[in-house]
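I have placed the structure first, in the form of structure tokens, so that the comments after it can refer back to it.
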Amino acid sequence: MPFLRTAWPGVALALVIGLAATVVGREVPVVGGPVPAVVLGALVGWLVRRRRHHEGTGAGSGGDLGLLQPGVKFASSRVLQFAVVLLGAQLSIAEVLRIGGETLPVMLTTIVVCLVAAWGLGRLLRVSSALRTLIGVGTGICGASAIAAVTPVIGAVSADVAYAMSTIFLCNIAAVFVFPLVGHALGLSQHAFGVFAGTAVNDTSSVVATATVYGRQATDTAVVVKLVRTLMIIPIVVGLAGLEARRTSRAQVASGVDTGRAGGVRGFRVFRLVPWFLIGFLVVVLLRTLGVLPAAAAPGFSTAATFLITVALAAIGVSTDFGALRRAGFRPMLLGIALWVLVAGTSLGAQAVFGLL
């Protein structure tokens with residue numbers, strides 16, 4: 001109940017914007033609902049921040065968005081994750097395994113290229129080791145989720161996390177607008193664009209939004225590809241934890257001090273890295289495969305998921321802090337944009353090589 005009392009203003013705002021964006025999407029089908037939701041949300045968020053600034057009620061009185069902050073945060077994360085779970089009603093286990101299996105080489109190629117480029121370009125641009133790692137895993141795997149998972153392992157400071165989040169967020173918003181145009185210009189099929197979005201866009205929300213603009217089949221493919229890609233967090237974090245443990249152990253040997261940190265790293269709980277919505281998605285897919293959820297219910301689940309995605313993107317638009325993006329600086333932003341373009345090109349190239357285009 002306390003959470004509901006604090007969250008309802010932001011959730012209500014996201015719902016209103018989501019409804020307005022849905023109406024726009026029905027009137028202009030080529031645009032759809034997600035893109036207007038981001039634009040309208042960003043405009044409303046800018047107006048709210050501007051009003052609070054003029055009234056002198058800044059971050060000290062409850063965050064940039066004031067009373068809207070808890071609900072906007074909830075709508076931009078949990079609502080979106082629940083929508084991903086609902087999307088599982090349109091797929092069977094066989095389809096998930098087929099799509100995941102045939103696109104795995106593309107996923108692995110983009111991840112390897114991104115991480116290697118993050119290391120090389122990051123050094124060239126004189127971006128700190130921690131920051132280039134955060135931007136690299138955020139771009140290559142799954143945006144904010146990967147950044148959050150890696151942060152405690154490498155001991156990144158809050159400033160680096162904020163820089164990486166801002167950079168990834170900018171690329172996410174750009175993908176929603178740019179990628180569908182690229183897909184139409186190249187004549188990509190629904191399946192090919194789904195693979196493109198699933199391997200080249202960062203956060204799950206942006207993957208779903210980008211693919212939704214292109215079509216329902218593209219969305220189904222993109223969700224499966226993205227969720228399989230999300231599982232790559234586990235080996236990446238385990239590898240980074242091992243490197244950090246080795247680095248800490250060497251430092252202890254050199255200084256003659258044993259802080260016990262290496263043992264803590266070895267005790268890292270890997271299973272916490274698996275997102276709950278990935279498990280929920282697979283459960284719904286299983287129910288669909290077993291016939292517990294009938295095929296006739298799939299269109300209803302799809303409609304509900306699309307609306308929830310629109311609401312979540314409205315909240316993401318509201319939470320866009322343009323000032324934070326400006327403060328992120330030039331070099332980290334340049335690294336993030338370069339990696340984003342490189343991963344997009346690698347995804348298309350790898351699809352051509354592996355015969356998926």
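Order determines the names: the first chain of the structure tokens is A, the second B, and so forth; residues in each chain are numbered 1 upward, and ligands are numbered 1 upward as they are shown.
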
Can you tell me which residues surround Asn172 of chain A at a distance of at most 10 Å, considering only C-alpha atoms, apart from same-chain residues fewer than 4 positions away, and format the answer as an MDAnalysis selection string? chainID A and resid 139 143 166:168 176:178 200:207 209:210 340

Near-segment 117-126 of chain A list (9 Å; only C-alpha atoms; drop same-chain fewer than 2 positions) as a short mmCIF file (atom, residue, chain, number, x, y, z; two decimals) with N, CA, C and O atoms, in the first residue's frame:
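Result written to around-v1.cif:
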```
data_model
loop_
_atom_site.label_atom_id
_atom_site.label_comp_id
_atom_site.auth_asym_id
_atom_site.auth_seq_id
_atom_site.Cartn_x
_atom_site.Cartn_y
_atom_site.Cartn_z
N VAL A 112 31.72 -10.47 -29.28
CA VAL A 112 33.18 -10.49 -29.31
C VAL A 112 33.72 -9.22 -29.95
O VAL A 112 34.65 -8.58 -29.42
N VAL A 113 33.16 -8.83 -31.09
CA VAL A 113 33.61 -7.62 -31.78
C VAL A 113 33.43 -6.40 -30.88
O VAL A 113 34.32 -5.54 -30.78
N CYS A 114 32.30 -6.32 -30.20
CA CYS A 114 32.03 -5.16 -29.35
C CYS A 114 33.02 -5.08 -28.18
O CYS A 114 33.55 -4.00 -27.89
N LEU A 115 33.26 -6.20 -27.50
CA LEU A 115 34.15 -6.17 -26.34
C LEU A 115 35.59 -5.86 -26.74
O LEU A 115 36.29 -5.10 -26.05
N SER A 128 38.66 5.53 -19.18
CA SER A 128 39.15 4.68 -18.10
C SER A 128 38.75 3.22 -18.32
O SER A 128 37.76 2.92 -18.99
N SER A 129 39.52 2.32 -17.72
CA SER A 129 39.29 0.88 -17.90
C SER A 129 37.90 0.48 -17.44
O SER A 129 37.19 -0.26 -18.14
N LEU A 131 35.19 2.35 -17.13
CA LEU A 131 34.13 2.95 -17.95
C LEU A 131 34.02 2.27 -19.30
O LEU A 131 32.92 2.02 -19.79
N ARG A 132 35.16 1.95 -19.91
CA ARG A 132 35.07 1.28 -21.21
C ARG A 132 34.53 -0.14 -21.06
O ARG A 132 33.87 -0.65 -21.96
N THR A 133 34.79 -0.78 -19.91
CA THR A 133 34.20 -2.10 -19.67
C THR A 133 32.68 -1.99 -19.55
O THR A 133 31.94 -2.80 -20.13
N ILE A 135 30.66 0.38 -20.74
CA ILE A 135 30.06 0.72 -22.03
C ILE A 135 30.12 -0.47 -22.97
O ILE A 135 29.19 -0.73 -23.74
N GLY A 136 31.21 -1.23 -22.92
CA GLY A 136 31.36 -2.39 -23.78
C GLY A 136 30.33 -3.47 -23.50
O GLY A 136 29.66 -3.96 -24.41
N VAL A 137 30.16 -3.84 -22.22
CA VAL A 137 29.19 -4.89 -21.90
C VAL A 137 27.76 -4.36 -22.06
O VAL A 137 26.85 -5.12 -22.44
N ARG A 331 34.11 12.04 -24.83
CA ARG A 331 34.82 10.81 -25.18
C ARG A 331 34.04 9.53 -24.85
O ARG A 331 33.97 8.63 -25.70
N PRO A 332 33.45 9.40 -23.66
CA PRO A 332 32.63 8.20 -23.42
C PRO A 332 31.44 8.11 -24.38
O PRO A 332 31.09 7.02 -24.84
N LEU A 334 31.33 9.31 -27.43
CA LEU A 334 31.87 8.93 -28.73
C LEU A 334 32.15 7.44 -28.77
O LEU A 334 31.87 6.76 -29.78
N LEU A 335 32.70 6.89 -27.68
CA LEU A 335 32.96 5.45 -27.61
C LEU A 335 31.66 4.66 -27.73
O LEU A 335 31.59 3.69 -28.50
N GLY A 336 30.64 5.08 -27.00
CA GLY A 336 29.37 4.37 -27.05
C GLY A 336 28.73 4.40 -28.42
O GLY A 336 28.23 3.38 -28.91
N ALA A 338 30.30 4.89 -31.31
CA ALA A 338 31.12 4.10 -32.23
C ALA A 338 30.85 2.61 -32.07
O ALA A 338 30.73 1.88 -33.08
N LEU A 339 30.73 2.15 -30.84
CA LEU A 339 30.43 0.73 -30.61
C LEU A 339 29.04 0.37 -31.13
O LEU A 339 28.84 -0.71 -31.69
N LEU A 342 29.25 0.08 -34.83
CA LEU A 342 30.05 -1.10 -35.18
C LEU A 342 29.25 -2.39 -34.97
O LEU A 342 29.27 -3.29 -35.81
#
```

Applying 12 Å and only C-alpha atoms, which residues near Ala352 of chain A remain after dropping the ones on its own chain fewer than 3 positions away? List them as a PyMOL selection string. chain A and resi 103+105-106+188+192+195-196+345-349+355-357

Filtering to N, CA, C and O atoms, could you give me those residues as a PDB file, in the first residue's frame?
```pdb
ATOM      1  N   THR A 103      20.575 -18.151 -34.611  1.00  0.00           N
ATOM      2  CA  THR A 103      21.133 -16.799 -34.489  1.00  0.00           C
ATOM      3  C   THR A 103      22.295 -16.721 -33.512  1.00  0.00           C
ATOM      4  O   THR A 103      22.904 -15.660 -33.368  1.00  0.00           O
ATOM      5  N   PRO A 105      25.439 -17.814 -33.684  1.00  0.00           N
ATOM      6  CA  PRO A 105      26.699 -17.328 -34.256  1.00  0.00           C
ATOM      7  C   PRO A 105      26.723 -15.809 -34.445  1.00  0.00           C
ATOM      8  O   PRO A 105      27.764 -15.161 -34.229  1.00  0.00           O
ATOM      9  N   VAL A 106      25.582 -15.216 -34.838  1.00  0.00           N
ATOM     10  CA  VAL A 106      25.518 -13.758 -35.006  1.00  0.00           C
ATOM     11  C   VAL A 106      25.685 -13.071 -33.658  1.00  0.00           C
ATOM     12  O   VAL A 106      26.424 -12.101 -33.522  1.00  0.00           O
ATOM     13  N   LEU A 188      14.919  -5.517 -45.381  1.00  0.00           N
ATOM     14  CA  LEU A 188      15.051  -6.671 -44.501  1.00  0.00           C
ATOM     15  C   LEU A 188      13.692  -7.325 -44.254  1.00  0.00           C
ATOM     16  O   LEU A 188      12.682  -6.641 -44.085  1.00  0.00           O
ATOM     17  N   ALA A 192      14.767 -11.211 -40.451  1.00  0.00           N
ATOM     18  CA  ALA A 192      16.103 -10.602 -40.486  1.00  0.00           C
ATOM     19  C   ALA A 192      16.161  -9.358 -39.618  1.00  0.00           C
ATOM     20  O   ALA A 192      17.149  -9.118 -38.915  1.00  0.00           O
ATOM     21  N   VAL A 195      16.348 -10.336 -35.939  1.00  0.00           N
ATOM     22  CA  VAL A 195      17.711 -10.710 -35.561  1.00  0.00           C
ATOM     23  C   VAL A 195      18.582  -9.457 -35.431  1.00  0.00           C
ATOM     24  O   VAL A 195      19.387  -9.329 -34.496  1.00  0.00           O
ATOM     25  N   PHE A 196      18.412  -8.525 -36.361  1.00  0.00           N
ATOM     26  CA  PHE A 196      19.163  -7.266 -36.347  1.00  0.00           C
ATOM     27  C   PHE A 196      18.898  -6.502 -35.048  1.00  0.00           C
ATOM     28  O   PHE A 196      19.832  -6.099 -34.345  1.00  0.00           O
ATOM     29  N   GLY A 345      26.602  -2.740 -37.733  1.00  0.00           N
ATOM     30  CA  GLY A 345      27.212  -3.201 -38.974  1.00  0.00           C
ATOM     31  C   GLY A 345      27.651  -4.653 -38.890  1.00  0.00           C
ATOM     32  O   GLY A 345      27.483  -5.429 -39.850  1.00  0.00           O
ATOM     33  N   THR A 346      28.201  -5.053 -37.731  1.00  0.00           N
ATOM     34  CA  THR A 346      28.629  -6.441 -37.547  1.00  0.00           C
ATOM     35  C   THR A 346      27.444  -7.393 -37.586  1.00  0.00           C
ATOM     36  O   THR A 346      27.529  -8.495 -38.146  1.00  0.00           O
ATOM     37  N   SER A 347      26.319  -6.983 -36.995  1.00  0.00           N
ATOM     38  CA  SER A 347      25.121  -7.820 -37.012  1.00  0.00           C
ATOM     39  C   SER A 347      24.653  -8.091 -38.429  1.00  0.00           C
ATOM     40  O   SER A 347      24.380  -9.241 -38.800  1.00  0.00           O
ATOM     41  N   LEU A 348      24.576  -7.046 -39.232  1.00  0.00           N
ATOM     42  CA  LEU A 348      24.140  -7.220 -40.621  1.00  0.00           C
ATOM     43  C   LEU A 348      25.157  -8.040 -41.409  1.00  0.00           C
ATOM     44  O   LEU A 348      24.785  -8.920 -42.193  1.00  0.00           O
ATOM     45  N   GLY A 349      26.435  -7.765 -41.193  1.00  0.00           N
ATOM     46  CA  GLY A 349      27.472  -8.515 -41.904  1.00  0.00           C
ATOM     47  C   GLY A 349      27.477  -9.976 -41.523  1.00  0.00           C
ATOM     48  O   GLY A 349      27.623 -10.863 -42.386  1.00  0.00           O
ATOM     49  N   GLY A 355      24.144 -16.586 -43.780  1.00  0.00           N
ATOM     50  CA  GLY A 355      22.998 -16.886 -44.620  1.00  0.00           C
ATOM     51  C   GLY A 355      21.638 -16.614 -43.993  1.00  0.00           C
ATOM     52  O   GLY A 355      20.648 -17.302 -44.299  1.00  0.00           O
ATOM     53  N   LEU A 356      21.533 -15.592 -43.125  1.00  0.00           N
ATOM     54  CA  LEU A 356      20.267 -15.285 -42.479  1.00  0.00           C
ATOM     55  C   LEU A 356      19.546 -14.096 -43.119  1.00  0.00           C
ATOM     56  O   LEU A 356      18.396 -13.825 -42.784  1.00  0.00           O
ATOM     57  N   LEU A 357      20.211 -13.384 -44.018  1.00  0.00           N
ATOM     58  CA  LEU A 357      19.564 -12.240 -44.670  1.00  0.00           C
ATOM     59  C   LEU A 357      18.702 -12.725 -45.830  1.00  0.00           C
ATOM     60  O   LEU A 357      19.031 -13.681 -46.508  1.00  0.00           O
TER      61      LEU A 357
END
```

Excluding Leu286 of chain A and any residue of its chain fewer than 5 positions from it, enumerate the residues within 10 Å of it, using only C-alpha atoms, and give them as a count of residues only. 11

Write out as a PyMOL selection string which residues come within 9 Å of segment 71-83 of chain A when counting only C-alpha atoms, dropping same-chain ones fewer than 3 positions away. chain A and resi 3-4+6-15+65+67-68+86-87+204-205+276-278+280-281+301-302+304-319

Out of A:Val285, A:Val38, A:Arg216, A:Glu95, which residue has the shortest atom-to-atom distance to Pro299 of chain A when counting only C-alpha atoms? A:Arg216

Do you have the atom CA of Ala295 of chain A-atom CA of Val84 of chain A distance handy?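 Calculated distance between atom CA of Ala295 of chain A and atom CA of Val84 of chain A is 17.6 Å.
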
Nearest to Ile173 of chain A, chosen from A:Val153, A:Val208, A:Met232, A:Leu47, with only C-alpha atoms counted in the distances: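 Of A:Val153, A:Val208, A:Met232, A:Leu47, the one nearest Ile173 of chain A, counting only C-alpha atoms, is A:Val208.
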